Structures are given as structure tokens and as C-alpha cells.
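> This one is upload.txt, compact mmCIF, C-alpha atoms.
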```
# COMPACT_ATOMS: atom_id res chain seq x y z
CA MET E 475 0.00 0.00 0.00
CA ARG E 476 1.26 3.47 -0.78
CA PRO E 477 2.16 5.98 1.97
CA GLY E 478 -0.66 7.70 3.75
CA VAL E 479 -2.17 9.21 6.83
CA ILE E 480 -5.01 7.71 8.82
CA VAL E 481 -6.72 10.30 11.01
CA LEU E 482 -8.79 8.90 13.87
CA VAL E 483 -11.38 11.44 14.97
CA GLY E 484 -13.35 11.00 18.17
CA LEU E 485 -14.01 11.72 21.80
CA PRO E 486 -11.65 10.71 24.58
CA GLY E 487 -12.78 7.17 25.41
CA ALA E 488 -14.16 6.51 21.92
CA GLY E 489 -11.72 3.66 21.28
CA LYS E 490 -9.29 5.41 18.93
CA SER E 491 -6.25 3.77 20.55
CA THR E 492 -7.85 0.33 20.42
CA LEU E 493 -8.56 0.79 16.72
CA ALA E 494 -5.07 2.20 16.09
CA ALA E 495 -3.51 -0.90 17.68
CA ALA E 496 -5.71 -3.19 15.58
CA LEU E 497 -4.72 -1.33 12.40
CA ALA E 498 -1.04 -1.43 13.34
CA ALA E 499 -1.28 -5.20 13.78
CA ARG E 500 -2.73 -5.57 10.28
CA LEU E 501 -0.73 -3.04 8.25
CA ALA E 502 2.94 -3.68 7.60
CA GLY E 503 5.26 -0.83 8.50
CA VAL E 504 2.57 1.41 9.93
CA ARG E 505 3.62 4.00 12.52
CA VAL E 506 1.16 5.01 15.23
CA LEU E 507 1.77 8.54 16.50
CA ASP E 508 0.17 8.64 19.95
CA LYS E 509 -0.44 12.15 21.28
CA ASP E 510 -0.47 11.02 24.90
CA LYS E 511 2.93 9.34 24.61
CA VAL E 512 4.42 12.32 22.78
CA ARG E 513 3.04 14.75 25.37
CA HIS E 514 4.31 12.58 28.21
CA VAL E 515 7.83 12.42 26.74
CA LEU E 516 7.96 16.15 26.04
CA PHE E 517 6.23 17.56 29.12
CA ASP E 518 6.00 15.06 31.99
CA PRO E 519 4.53 16.19 34.33
CA CYS E 520 1.93 17.55 31.92
CA ASP E 521 -0.12 20.69 32.45
CA TYR E 522 -2.61 19.89 29.63
CA THR E 523 -2.49 23.47 28.39
CA SER E 524 -3.32 24.55 24.88
CA ALA E 525 0.35 25.50 24.44
CA GLU E 526 1.40 21.92 25.24
CA ARG E 527 -1.25 20.59 22.86
CA ASP E 528 0.00 22.83 20.05
CA VAL E 529 3.65 21.81 20.50
CA VAL E 530 2.69 18.12 20.59
CA PHE E 531 0.54 18.44 17.47
CA ALA E 532 3.35 20.21 15.61
CA ALA E 533 5.78 17.46 16.64
CA MET E 534 3.35 14.81 15.42
CA LEU E 535 2.94 16.54 12.07
CA ASP E 536 6.74 16.69 11.71
CA ALA E 537 7.01 13.00 12.60
CA ALA E 538 4.34 12.22 9.99
CA ARG E 539 6.36 14.11 7.36
CA TYR E 540 9.40 12.04 8.28
CA HIS E 541 7.56 8.71 8.01
CA LEU E 542 5.71 9.64 4.82
CA GLY E 543 9.09 10.45 3.28
CA ARG E 544 10.04 6.85 4.00
CA ASP E 545 6.91 5.45 2.29
CA ARG E 546 5.10 4.57 5.51
CA ILE E 547 1.53 4.80 6.68
CA VAL E 548 0.97 6.98 9.74
CA VAL E 549 -1.95 6.63 12.15
CA PHE E 550 -2.70 9.69 14.26
CA ASP E 551 -3.94 8.48 17.65
CA GLY E 552 -4.87 10.23 20.86
CA LEU E 553 -5.94 13.51 19.28
CA THR E 554 -9.66 14.16 19.14
CA PHE E 555 -9.34 16.12 15.87
CA SER E 556 -12.38 18.03 17.09
CA ARG E 557 -11.58 20.99 14.81
CA ARG E 558 -11.70 20.92 11.01
CA SER E 559 -8.43 22.86 10.98
CA GLN E 560 -6.67 19.98 12.76
CA VAL E 561 -7.88 17.46 10.19
CA ALA E 562 -6.88 19.89 7.43
CA ALA E 563 -3.35 20.15 8.87
CA ALA E 564 -2.94 16.36 8.77
CA GLU E 565 -4.36 16.28 5.23
CA ALA E 566 -1.90 18.99 4.17
CA VAL E 567 1.05 16.92 5.42
CA ALA E 568 -0.21 13.96 3.39
CA ASP E 569 -0.76 16.16 0.31
CA GLU E 570 2.80 17.52 0.57
CA ALA E 571 4.10 13.96 0.38
CA GLY E 572 1.71 12.83 -2.37
CA ALA E 573 0.16 10.43 0.14
CA PHE E 574 -3.44 9.46 0.79
CA THR E 575 -5.51 10.60 3.75
CA ALA E 576 -8.20 8.42 5.32
CA VAL E 577 -10.32 10.18 7.93
CA ILE E 578 -12.18 7.82 10.25
CA VAL E 579 -14.71 9.15 12.74
CA CYS E 580 -14.88 6.93 15.81
CA ASP E 581 -18.46 7.43 16.94
CA VAL E 582 -19.59 6.52 20.44
CA PRO E 583 -22.34 7.82 22.74
CA VAL E 584 -21.02 10.53 25.05
CA GLU E 585 -22.01 8.67 28.21
CA LEU E 586 -20.18 5.53 27.06
CA ALA E 587 -17.05 7.61 26.40
CA VAL E 588 -17.41 9.08 29.91
CA ALA E 589 -17.74 5.60 31.40
CA ARG E 590 -14.72 4.30 29.48
CA CYS E 591 -12.58 7.21 30.69
CA ALA E 592 -13.73 6.71 34.27
CA ALA E 593 -12.89 3.00 34.09
CA ASP E 594 -9.39 3.61 32.68
CA THR E 595 -8.04 6.35 34.97
CA ALA E 596 -5.16 4.26 36.34
CA GLY E 597 -4.11 2.77 33.02
CA HIS E 598 -4.02 5.84 30.80
CA LEU E 599 -1.18 8.34 30.39
CA ALA E 600 -3.55 11.31 30.04
CA SER E 601 -4.63 12.13 33.58
CA ASN E 602 -7.02 14.83 32.33
CA ARG E 603 -9.48 12.32 30.80
CA ASP E 604 -12.68 12.78 32.74
CA ALA E 605 -16.39 13.41 32.21
CA ARG E 606 -15.91 17.17 31.95
CA LEU E 607 -13.30 16.80 29.19
CA VAL E 608 -15.43 14.32 27.23
CA ARG E 609 -18.49 16.59 27.40
CA ARG E 610 -16.48 19.70 26.48
CA VAL E 611 -14.96 17.99 23.44
CA ALA E 612 -18.37 16.63 22.43
CA ALA E 613 -19.84 20.15 22.56
CA GLU E 614 -16.98 21.55 20.44
CA MET E 615 -16.70 18.69 17.92
CA GLU E 616 -16.88 19.78 14.29
CA GLU E 617 -17.75 17.40 11.49
CA PRO E 618 -14.76 16.84 9.18
CA ALA E 619 -15.02 18.88 5.99
CA GLY E 620 -14.21 16.19 3.43
CA ALA E 621 -14.94 12.53 2.92
CA TYR E 622 -14.73 10.24 5.92
CA LEU E 623 -15.87 6.91 7.30
CA THR E 624 -17.94 6.74 10.47
CA LEU E 625 -17.48 3.68 12.67
CA ASP E 626 -19.82 2.62 15.48
CA MET E 627 -17.25 2.11 18.22
CA THR E 628 -19.60 -0.10 20.24
CA VAL E 629 -18.89 -2.88 17.73
CA GLU E 630 -16.17 -5.50 18.26
CA VAL E 631 -12.71 -4.19 17.33
CA ASP E 632 -11.90 -6.83 14.67
CA ALA E 633 -15.03 -5.89 12.72
CA LEU E 634 -14.12 -2.20 13.07
CA ALA E 635 -10.58 -2.85 11.84
CA ASP E 636 -11.97 -4.74 8.82
CA GLN E 637 -14.25 -1.80 7.95
CA ALA E 638 -11.43 0.69 8.45
CA LEU E 639 -9.03 -1.29 6.26
CA ASP E 640 -11.62 -1.59 3.50
CA TYR E 641 -12.03 2.19 3.58
CA VAL E 642 -8.27 2.81 3.67
CA GLY E 643 -7.90 0.52 0.65
CA GLU E 644 -10.52 2.52 -1.26
CA VAL E 645 -8.93 5.85 -0.37
CA ALA E 646 -5.38 4.69 -1.03
CA GLY E 647 -6.46 3.44 -4.46
```
With the file now loaded, output its structure as C-alpha cells.

Amino acid sequence: MRPGVIVLVGLPGAGKSTLAAALAARLAGVRVLDKDKVRHVLFDPCDYTSAERDVVFAAMLDAARYHLGRDRIVVFDGLTFSRRSQVAAAEAVADEAGAFTAVIVCDVPVELAVARCAADTAGHLASNRDARLVRRVAAEMEEPAGAYLTLDMTVEVDALADQALDYVGEVAG
């Protein structure tokens, strides 16, 4: 498959990381860029400020450029991509490299995302994942501007990965 960017859009607790891991297990040479790991490495202990978020996002875009230049597929994980401008920035990096972009919206009911975040407080790097964050992101979420696939993230992960890979295959052409 040719180089490309897979953008996972969704609330904290939607299952983006679970899907990213499933895609990484099925796609040779894929690189998962996890915002929470990048933030932790750059800023531990993290303040979760917008300035931190911006630096982390810029670093992830630079890392994507690097990997695309080596004919790899990059999966953006951990970012909500709640703003169209964020999706557009990832698409621009792919366009610069002549790569494909597959935008996948990970859809889940808000209360399920809240419950997932509450259940995973000890096992997640991002200590700011709570009900207030999920609801704030849900209220601010913008629909991506271009084509995208919506996945029902209450479905079993293998079925979701199959759907996502079918879509990636179509987009990658």
C-alpha cells in the first residue's frame, strides 16, 4: 500500500487507541503517532495546556512528514481532531508527500465515552481524561469537511478494523 495518513477522529474514550492498535497489527510498516505518549515524553509532568497541545501536534505533524518520506503509513492516535483545521493540517502533510488521507470518525455515545474514561483512569497516560473533558470535546466537535468513514465504536474491534481497512484501501487506491 502506498504511503498515507489515517486520522482517527473521536471523543476521549471513543476507542481510537484500540482501533489504532488493531490497524497497526494488520498493516505492515505502519507508525502510530500517539499524542499522549508524545506529550508525556515532552512535558511530563503535563499541564494539559493549549500550548502543550500545540507543541505536541506540531511534533506529530513533523514525525508524519518524516515517516511519509520513508513510504510509511501513519496513524494519528490520541488527538480528538475536534476541529476541522486539525484534520486539514494532517491532510496537508499527506498532500505535501503525495500520500493518501483516510479520515475515520470513531463514533460513540457521550455517556459511554465518559464511562470508558472513568474506568481507565489508572491505566491511561492522560490524567485529564474525565467526564468534563469528554463533554467539552463533544460540545466543540466539528464534522470533518471532506470525505470520511464513520465507525460505530460499540462494535467488536476486529469488525471495526476490517471496515477501516476496506475504507483505507478505497482511499489509497
> Please build the interface table for stretch 570-643 of chain E against stretch 484-504 of chain E with a cut-off of 7 Å, listing for each qualifying residue the nearest atom pair and the distance in Å to one decimal; count all atoms listed in the file, order rows by chain and increasing number, and write it as CSV.

```
residue,atom,partner,partner_atom,distance
E:Val579,CA,E:Gly484,CA,5.9
E:Cys580,CA,E:Gly484,CA,4.9
E:Asp581,CA,E:Gly484,CA,6.4
E:Val582,CA,E:Ala488,CA,5.6
E:Ala587,CA,E:Gly487,CA,4.4
E:Val588,CA,E:Gly487,CA,6.7
E:Arg590,CA,E:Gly487,CA,5.3
E:Cys591,CA,E:Gly487,CA,5.3
E:Arg603,CA,E:Pro486,CA,6.8
E:Val608,CA,E:Pro486,CA,5.9
E:Val611,CA,E:Leu485,CA,6.6
E:Ala612,CA,E:Leu485,CA,6.6
E:Met627,CA,E:Gly489,CA,6.5
E:Val631,CA,E:Leu493,CA,6.5
E:Ala635,CA,E:Leu497,CA,6.1
```
> Would you kindly return, as a VMD selection string, each protein, DNA or RNA residue with an atom no farther than 7 Å from any atom of stretch 523-538 of chain E, considering only C-alpha atoms and excluding same-chain residues fewer than 4 positions away?
chain E and resid 507 509 512 to 513 542 548 564 567
> Restricting it to C-alpha atoms, dump the selection as a PDB file, keeping the file's coordinate frame.

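Contents of again-v6.pdb, freshly written:
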```
ATOM      1  CA  LEU E 507       1.770   8.540  16.500  1.00  0.00           C
ATOM      2  CA  LYS E 509      -0.440  12.150  21.280  1.00  0.00           C
ATOM      3  CA  VAL E 512       4.420  12.320  22.780  1.00  0.00           C
ATOM      4  CA  ARG E 513       3.040  14.750  25.370  1.00  0.00           C
ATOM      5  CA  LEU E 542       5.710   9.640   4.820  1.00  0.00           C
ATOM      6  CA  VAL E 548       0.970   6.980   9.740  1.00  0.00           C
ATOM      7  CA  ALA E 564      -2.940  16.360   8.770  1.00  0.00           C
ATOM      8  CA  VAL E 567       1.050  16.920   5.420  1.00  0.00           C
TER       9      VAL E 567
END
```
> Counting all atoms listed in the file, which residues come within 12 Å of (-8.6, 5.3, -3.9), with the point read in the file's coordinates, and could you list them as a compact mmCIF listing (two decimals) with C-alpha atoms, keeping the file's coordinate frame?

```txt
# COMPACT_ATOMS: atom_id res chain seq x y z
CA MET E 475 0.00 0.00 0.00
CA ARG E 476 1.26 3.47 -0.78
CA GLY E 478 -0.66 7.70 3.75
CA ALA E 573 0.16 10.43 0.14
CA PHE E 574 -3.44 9.46 0.79
CA THR E 575 -5.51 10.60 3.75
CA ALA E 576 -8.20 8.42 5.32
CA ALA E 621 -14.94 12.53 2.92
CA ASP E 640 -11.62 -1.59 3.50
CA TYR E 641 -12.03 2.19 3.58
CA VAL E 642 -8.27 2.81 3.67
CA GLY E 643 -7.90 0.52 0.65
CA GLU E 644 -10.52 2.52 -1.26
CA VAL E 645 -8.93 5.85 -0.37
CA ALA E 646 -5.38 4.69 -1.03
CA GLY E 647 -6.46 3.44 -4.46
```
> Record the distance separating atom CA of E:Arg558 and atom CA of E:Val483, expressed in Å with one decimal.
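Value for the atom CA of E:Arg558-atom CA of E:Val483 distance: 10.3 Å.
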> Smallest atom-to-atom distance to E:Leu553: which of E:Glu585, E:Glu616, E:Glu565, E:Asp508, using all atoms listed in the file?
E:Asp508
> What does the distance between atom CA of E:Gln560 and atom CA of E:Arg539 come to in Å, to one decimal place?
15.3 Å
> Between atom CA of E:Ala593 and atom CA of E:Thr624, measure the distance and give it in Å to one decimal.
24.4 Å
> Determine the nearest neighbour of E:Leu634 from the options E:Leu607, E:Val481, E:Ile578, E:Leu586, counting all atoms listed in the file.
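That would be E:Ile578, the residue with the smallest distance to E:Leu634.
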